[in-house]
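Okay, structure first, notes after.
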Amino acid sequence: MFSKAQQEIVDLALQGKRLKEVVMLLDKSEDEILLDTPAEWYTVLQAGNEEIRDILPILSVAFGVLKELSQEAERESVRRGSLKALRDRWEDLSRLRRVCT
């Protein structure tokens, strides 16, 4: 399902690694990690929540759109804002993963 590079990122993310830790471990920039991370990672913790399970595909698409905007948006402010949203979501999820484990 994921490429080898994506799976490596997901494995580290599921361990609760912060974005900066993943950057150091994989020797890539934050932006590269954010854009290489599958959109599904940004929704992974909600998978067990019955109340929102039906909207997971919508959330996954939304994070896919953020990834596209981060690369292709014409306005720099839109690109930066999209990357910030991905970065913030990563940090929230990694914090939750650390608390859950």
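Ordered as shown in the structure tokens, chains take letters A, B, and onward, while each chain numbers its residues from 1 and ligands are numbered from 1 in the order shown.
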
message: Give me the residues near A:Ile33 as a list in words, where near means some atom within 9 Å (using only C-alpha atoms) and where sequence neighbours in that chain fewer than 2 positions away do not count.
response: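 The filter keeps Gln6, Ile9, Leu19, Val22, Val23, Leu26, Lys28, Ser29, Glu30, Asp31, Leu35, Asp36 and Thr37 of chain A.
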
Can you spit out the residues from that selection as a PDB file, in the first residue's frame, using N, CA and C atoms?
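Saved result, result-v3.pdb, follows:
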ATOM      1  N   GLN A   6       7.560   5.800   2.469  1.00  0.00           N
ATOM      2  CA  GLN A   6       6.368   6.171   3.231  1.00  0.00           C
ATOM      3  C   GLN A   6       6.197   5.267   4.440  1.00  0.00           C
ATOM      4  N   ILE A   9       8.433   6.238   7.284  1.00  0.00           N
ATOM      5  CA  ILE A   9       7.916   7.415   7.990  1.00  0.00           C
ATOM      6  C   ILE A   9       6.763   7.024   8.899  1.00  0.00           C
ATOM      7  N   LEU A  19       8.176  15.223  14.686  1.00  0.00           N
ATOM      8  CA  LEU A  19       8.618  15.513  13.332  1.00  0.00           C
ATOM      9  C   LEU A  19      10.123  15.771  13.283  1.00  0.00           C
ATOM     10  N   VAL A  22      12.053  12.545  13.384  1.00  0.00           N
ATOM     11  CA  VAL A  22      11.982  11.822  12.116  1.00  0.00           C
ATOM     12  C   VAL A  22      12.908  12.469  11.091  1.00  0.00           C
ATOM     13  N   VAL A  23      12.956  13.787  11.100  1.00  0.00           N
ATOM     14  CA  VAL A  23      13.849  14.523  10.204  1.00  0.00           C
ATOM     15  C   VAL A  23      15.297  14.093  10.444  1.00  0.00           C
ATOM     16  N   LEU A  26      15.871  10.275   9.396  1.00  0.00           N
ATOM     17  CA  LEU A  26      15.820   9.983   7.962  1.00  0.00           C
ATOM     18  C   LEU A  26      16.644  10.952   7.123  1.00  0.00           C
ATOM     19  N   LYS A  28      16.123  14.034   6.132  1.00  0.00           N
ATOM     20  CA  LYS A  28      15.331  14.754   5.136  1.00  0.00           C
ATOM     21  C   LYS A  28      14.840  16.034   5.781  1.00  0.00           C
ATOM     22  N   SER A  29      14.373  16.973   4.973  1.00  0.00           N
ATOM     23  CA  SER A  29      13.824  18.211   5.522  1.00  0.00           C
ATOM     24  C   SER A  29      12.420  17.950   6.079  1.00  0.00           C
ATOM     25  N   GLU A  30      11.962  18.860   6.935  1.00  0.00           N
ATOM     26  CA  GLU A  30      10.599  18.743   7.467  1.00  0.00           C
ATOM     27  C   GLU A  30       9.587  18.717   6.339  1.00  0.00           C
ATOM     28  N   ASP A  31       9.765  19.598   5.365  1.00  0.00           N
ATOM     29  CA  ASP A  31       8.816  19.660   4.253  1.00  0.00           C
ATOM     30  C   ASP A  31       8.779  18.334   3.494  1.00  0.00           C
ATOM     31  N   LEU A  35       5.435  16.008   3.200  1.00  0.00           N
ATOM     32  CA  LEU A  35       4.863  15.706   1.895  1.00  0.00           C
ATOM     33  C   LEU A  35       4.967  14.232   1.531  1.00  0.00           C
ATOM     34  N   ASP A  36       5.958  13.531   2.074  1.00  0.00           N
ATOM     35  CA  ASP A  36       6.099  12.094   1.815  1.00  0.00           C
ATOM     36  C   ASP A  36       5.175  11.258   2.695  1.00  0.00           C
ATOM     37  N   THR A  37       4.689  11.839   3.782  1.00  0.00           N
ATOM     38  CA  THR A  37       3.822  11.110   4.703  1.00  0.00           C
ATOM     39  C   THR A  37       2.461  10.884   4.052  1.00  0.00           C
TER      40      THR A  37
END

Check your understanding: Just how far from atom CA of A:Glu40 is atom CA of A:Ser60, in Å to one decimal?
Key ->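 These atoms are spaced 5.6 Å apart.
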
*For the atom pair atom CA of A:Ala5 and atom CA of A:Val78, what is the interatomic distance in Å to one decimal place?*
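Straight-line distance from atom CA of A:Ala5 to atom CA of A:Val78 works out to 26.3 Å.
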
Leaving out A:Leu93 and any residue of its chain fewer than 4 positions from it, which residues lie within 8 Å of it when counting only C-alpha atoms, given as a list in words?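 Final neighbour list, sorted by chain and number: Gly16, Tyr42, Leu45, Arg89 and Arg97 of chain A.
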
Since we have the selection now, will you write its residues out, keeping N, CA and C atoms, as a compact mmCIF listing (two decimals), in the first residue's frame?
# COMPACT_ATOMS: atom_id res chain seq x y z
N GLY A 16 5.32 7.44 17.86
CA GLY A 16 5.18 8.70 18.57
C GLY A 16 6.35 9.65 18.38
N TYR A 42 -2.45 11.26 8.87
CA TYR A 42 -3.04 12.41 9.53
C TYR A 42 -4.43 12.11 10.10
N LEU A 45 -5.33 8.15 14.11
CA LEU A 45 -5.80 7.97 15.49
C LEU A 45 -7.31 7.96 15.62
N ARG A 89 -0.70 19.26 12.68
CA ARG A 89 -1.41 17.98 12.83
C ARG A 89 -0.44 16.86 13.22
N ARG A 97 0.09 9.91 20.33
CA ARG A 97 0.68 8.57 20.26
C ARG A 97 1.56 8.31 21.47

Atom CA of A:Arg79 sits from atom CA of A:Lys4 at a separation of 26.1 Å

Do you know which residues are at most 12 Å from A:Val61 counting only C-alpha atoms, after dropping those on the same chain fewer than 2 positions away, and could you put them as a PyMOL selection string? chain A and resi 38-43+55-59+63-68

| message | DSSP on the backbone, alpha helix (DSSP H) only: what residues of chain A does that give? Format it as JSON, numbers by chain. | response | {"A": [4, 5, 6, 7, 8, 9, 10, 11, 12, 13, 14, 19, 20, 21, 22, 23, 24, 25, 26, 30, 31, 32, 33, 34, 35, 36, 56, 57, 58, 59, 60, 61, 62, 63, 64, 65, 66, 67, 68, 69, 70, 71, 72, 76, 77, 78, 79, 80, 81, 82, 83, 84, 85, 86, 87, 88, 89, 90, 91, 92, 93, 94, 95, 96, 97, 98, 99, 100]}
